[in-house]
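Trainee: Handing you a structure now.
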Number of protein chains: 2
Amino acid sequence: MDLFYVLLILLVATRAFGEIAEHLGQPSLVGELIAGITLGSVVAKYPSIFPDMVGLEDNRVFASLTDLGMFFLMLFAGIEMQPHKILRYSRGAFIVAVGGMLLPFALGIGLGYLFLPETPLQTAQSLFLGTALAITAVPATVRILMDLGQFDSAVGQTIVSAAVFDDIFSLLFLALLTGLILFGEPPSIADLALLIGKVVLFFAITGVIGLYVFPWGGRFMHVLKAQELEISMVLVGAFFFAVLAELLAMHFIVGAFMAGLYFGQKTIDLKSYNRVKNSISAMTFGFLAPIFFASIGFHLEFSALTEAPVFVTILILIAFLGKIAGAGGAARLAGFSGRDAANIGVGMSPRGAVELVIAGIALKAGLFVTGDGAPTIVNHLFSSVVMMAVVTTVLSPIILKRSFAEKAVDP
Amino acid sequence: MDLFYVLLILLVATRAFGEIAEHLGQPSLVGELIAGITLGSVVAKYPSIFPDMVGLEDNRVFASLTDLGMFFLMLFAGIEMQPHKILRYSRGAFIVAVGGMLLPFALGIGLGYLFLPETPLQTAQSLFLGTALAITAVPATVRILMDLGQFDSAVGQTIVSAAVFDDIFSLLFLALLTGLILFGEPPSIADLALLIGKVVLFFAITGVIGLYVFPWGGRFMHVLKAQELEISMVLVGAFFFAVLAELLAMHFIVGAFMAGLYFGQKTIDLKSYNRVKNSISAMTFGFLAPIFFASIGFHLEFSALTEAPVFVTILILIAFLGKIAGAGGAARLAGFSGRDAANIGVGMSPRGAVELVIAGIALKAGLFVTGDGAPTIVNHLFSSVVMMAVVTTVLSPIILKRSFAEKAVDP
């Protein structure tokens, strides 16, 4: 692949589609996803038009660039989050997270047992469907809320906090599930204790570094001479947290997010803080994030829609209903109004980004044994889950945009 | 390779060594190169310490990141260059470019005929040595001049303009030379005309777009809604110029540089201009450029120093003398003072970055036929050229720093 050619095509397509989306009253993100879907379809159908873009979704250079996009998006989200708000909304967010995880998880298992054929893999496949429905793609929700100007609201902060929580738990559960697939045994108490120990260790280490080393670094920096050191320091912290997260059984996005969270206005002087924030914002929203969202669209295959239409339709419906009833119901219990609770449910629905990671892990672990002999649904399980991930990510912002606008004109 | 781990190690090492260099009174760039050399040596000797970094110099993801570093550095250099200054110094820069290219080229050919064994490849190898000595690595000189605060001076602007000129011509010559190696015939008049036609076409297209489309885009942008659109527009322009440069027989750095050159304060409003410049500066000097300079150090092998010590020493001496006498002498003729002329000669000496590109192309074309039967010098020709590239890039800023400081205290 020719790097600059691919970046040129992707940046032009995503920004143009994003601009069109804005003019149609939709968030840019929707346009960027559709740009990815469109490019992906054109390349699949007419490979000779963009030969450099054939097989892009499997290209390691491209995967690294989209990983960097996810990383910057989560780092920026962490910087934008206000720790005192997280604490204020933490009780509500926790209830929303639990409700928004348990109901979709149960629905996913039920769906698996109803639709998937009885094979030795049926239990694992059903548990995977549950996990796939339990997650909420934090990078996607972050971007949606920012596009809609709702990131700072009570609804927005609750969604992001709950989504981070859901992703951490779903990824941990997935680690146990892949263990089950690979070794054929359910995890022992020792495995569970080890996994929980790792998570506790991650938050302990990042907490100590974030609360003590980051502010010290901010003060220490003024005696240093190197140019553009502020952004290097922030990136070093975030790369370190990302590596630590991967070492301790979590996804790197959790590390990037935590690094941003601890990098606050108290860490360095206001001028440096704003300069770092502006630079990360420009690189994220002007360069890497559009490419990352296009890559989600790129993964879409339409085979599930033609080969297993009933299953994929029900999967998408459950994806919305599970979060709206589960997370929304919990939000109502936590004291949110009916409309805010519904918005929280819809806001928790996008599965974009993280779903592709989860489905990729399950694919590698051998969960989707496909072939001529395999039943149709199993053959298209992976494609169905990807379809659900993309559709929830495209539709949620469109629904939310309308709902927030209606709320604004309510008396 | 684990992306975030490698980025963490590289960013920590380069920024720490850069800071140490600054405290020793040297430019950061020297520290970053030495960080790369040190890491490269440690990894080569103790591969088990950083297993993820073994073979990094051949990793495609890493190569793409360093390409992005080169791209951003050249884009920033273009933005920082002031077109009216280029025009003011263009006569001097042209003379410096010609002098700084012809003398090293002749010396390289002479060196080849004196030292290299008489084989069918001797002529091509000698021409390659001439080309390798004729270039000046623009990305390296840009960074050196910025580190030393001399980018805006008459000396600095002359060096950069002349270096761009030398690189364009050397790369064109290399295209002819690889044709000679691959097809065994010298280029025909038609080949030459085609090559020159491509270059003219490149400057014609970029000129029209830069002078007419860029300012139109700047005005048009205000009716658009998408977030962080300014930086996307600049990147789209630069990616397009980079792709165009590659299509028209030039290196992408020429495209990135030209895009920056046409993106001026007149293109968009001052606030947007400064925001774009700050963001590109932060990403370049705080993230991608240090990693790019470390990658140059990474390529260093010490075998040439032990196996062909006389040859490599003479090569390095000629690298400096050729530019000091050729470019410096021409600068003196163009009216610069003796010290300024010498500084221009030294400033034209770094071969970093671009040399590695040239040597890589020649390596792929089969110019360095090595093996047990081959003479020692030919076996270590590639390694010698890389050694010359790294040494000139490390020493030039150290010499220049001292010379500029002495000039400042001169009465």
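Chain labels follow the order of the structure tokens: the first chain is A, the next B, and so on; residue numbering restarts at 1 in every chain, and ligands are counted from 1 in their shown order.
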Contacts between chain B and chain A, please, where a residue of chain A counts if it comes within 8 Å (with only C-alpha atoms); show its shortest atom pair and distance in Å to one decimal, rows by chain and ascending number, as a Markdown table.
Mentor:
```
| residue | atom | partner | partner_atom | distance |
| --- | --- | --- | --- | --- |
| A:Leu3 | CA | B:Ser64 | CA | 7.0 |
| A:Phe4 | CA | B:Phe239 | CA | 5.5 |
| A:Tyr5 | CA | B:Val243 | CA | 5.8 |
| A:Leu7 | CA | B:Phe239 | CA | 7.2 |
| A:Leu8 | CA | B:Phe239 | CA | 5.5 |
| A:Leu11 | CA | B:Val236 | CA | 6.7 |
| A:Val12 | CA | B:Val236 | CA | 6.7 |
| A:Arg15 | CA | B:Ala226 | CA | 7.6 |
| A:Gly18 | CA | B:Ala226 | CA | 6.8 |
| A:Glu19 | CA | B:Ala226 | CA | 5.5 |
| A:Glu22 | CA | B:Lys225 | CA | 6.7 |
| A:His23 | CA | B:Lys225 | CA | 7.7 |
| A:Ser28 | CA | B:Ala226 | CA | 6.8 |
| A:Arg60 | CA | B:Val61 | CA | 6.7 |
| A:Val61 | CA | B:Val61 | CA | 4.7 |
| A:Ser64 | CA | B:Val61 | CA | 7.0 |
| A:Leu224 | CA | B:Glu19 | CA | 7.0 |
| A:Lys225 | CA | B:Glu19 | CA | 6.5 |
| A:Ala226 | CA | B:Glu19 | CA | 5.5 |
| A:Gln227 | CA | B:Phe285 | CA | 6.9 |
| A:Glu228 | CA | B:Gly286 | CA | 4.9 |
| A:Leu229 | CA | B:Gly286 | CA | 6.0 |
| A:Glu230 | CA | B:Gly286 | CA | 7.7 |
| A:Ile231 | CA | B:Gly286 | CA | 5.7 |
| A:Ser232 | CA | B:Gly286 | CA | 4.9 |
| A:Leu235 | CA | B:Phe287 | CA | 7.9 |
| A:Val236 | CA | B:Leu8 | CA | 5.8 |
| A:Phe239 | CA | B:Leu8 | CA | 5.5 |
| A:Phe240 | CA | B:Leu8 | CA | 6.4 |
| A:Ala242 | CA | B:Phe4 | CA | 6.8 |
| A:Val243 | CA | B:Tyr5 | CA | 5.9 |
| A:Arg275 | CA | B:Asn278 | CA | 7.9 |
| A:Val276 | CA | B:Ala282 | CA | 7.9 |
| A:Asn278 | CA | B:Ser279 | CA | 7.0 |
| A:Ser279 | CA | B:Ser279 | CA | 4.3 |
| A:Ile280 | CA | B:Ser279 | CA | 7.6 |
| A:Ser281 | CA | B:Glu228 | CA | 7.6 |
| A:Ala282 | CA | B:Glu228 | CA | 5.7 |
| A:Met283 | CA | B:Ser279 | CA | 7.3 |
| A:Phe285 | CA | B:Glu228 | CA | 6.0 |
| A:Gly286 | CA | B:Ser232 | CA | 4.9 |
| A:Phe287 | CA | B:Ser232 | CA | 6.1 |
```
Trainee: At a cut-off of 7 Å, using only C-alpha atoms, what residues contact region 304-309 of chain B? Leave out same-chain residues fewer than 2 positions from it and give the result as a list in words.
Mentor: Phe302, Phe311, Val312, Thr313, Ile377, His380, Ser383 and Ser384 of chain B
Trainee: Could you check the closest approach to Ser403 (chain B) for each of B:Pro83, B:Gly55, B:Gly338, B:Pro350 and tell me which residue wins, using only C-alpha atoms?
Mentor: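 Comparing B:Pro83, B:Gly55, B:Gly338, B:Pro350 against Ser403 (chain B), the winner is B:Gly338.
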Trainee: Within 8 Å of region 256-268 of chain A, counting only C-alpha atoms, which residues qualify if same-chain residues fewer than 5 places away don't, as a list in words?
Mentor: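 Counting only the stated atoms, we get Phe71, Phe72, Met74, Leu75, Phe76, Ala77, Gly78, Ile79, Glu80, Met81, Gln82, Pro83, Thr206, Gly210, Leu211, Phe214, Pro215, Trp216, Gly217, Gly218, Arg219, Val234, Gly237, Ala238, Phe239, Phe241, Ala242 and Tyr273 of chain A.
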Trainee: May I ask for the distance between CA of Ser126 (chain A) and CA of Ile109 (chain A), given in Å to one decimal place?
Mentor: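 According to the coordinates, CA of Ser126 (chain A) and CA of Ile109 (chain A) are separated by 4.6 Å.
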Trainee: What are the DSSP helix (DSSP H, G or I) residues of region 99-224 of chain A, as a PyMOL selection string?
Mentor: chain A and resi 99-115+122-134+138-147+154-183+189-223
Trainee: If you measure from CA of Pro117 (chain B) to CA of Phe320 (chain B), what distance in Å do you get, rounded to one decimal?
Mentor: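 Interatomic distance here is 24.3 Å.
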Trainee: Could you tell me how far CA of Val138 (chain B) lies from CA of Met53 (chain B), in Å and to one decimal?
Mentor: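 Pair CA of Val138 (chain B) / CA of Met53 (chain B) returns 27.3 Å.
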Trainee: Please build the interface table for region 266-383 of chain A against region 85-89 of chain A with a cut-off of 12 Å, listing for each qualifying residue the nearest atom pair and the distance in Å to one decimal; count only C-alpha atoms, order rows by chain and increasing number, and write it as JSON lines.
Mentor:
```
{"residue": "A:Ala331", "atom": "CA", "partner": "A:Tyr89", "partner_atom": "CA", "distance": 11.0}
{"residue": "A:Ala334", "atom": "CA", "partner": "A:Tyr89", "partner_atom": "CA", "distance": 9.9}
{"residue": "A:Gly335", "atom": "CA", "partner": "A:Tyr89", "partner_atom": "CA", "distance": 11.1}
{"residue": "A:Phe336", "atom": "CA", "partner": "A:Tyr89", "partner_atom": "CA", "distance": 11.1}
```
Trainee: Give me the residues within 6 Å of region 139-146 of chain A as a list in words, counting only C-alpha atoms and dropping any in the same chain fewer than 4 places off.
Mentor: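 Close residues of region 139-146 of chain A: Gln150, Phe151 and Pro397 of chain A.
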Trainee: Contacts of region 199-202 of chain B at 8 Å or less, counting only C-alpha atoms, minus same-chain residues fewer than 6 places along, as a VMD selection string?
Mentor: chain B and resid 244 to 245 248 to 250
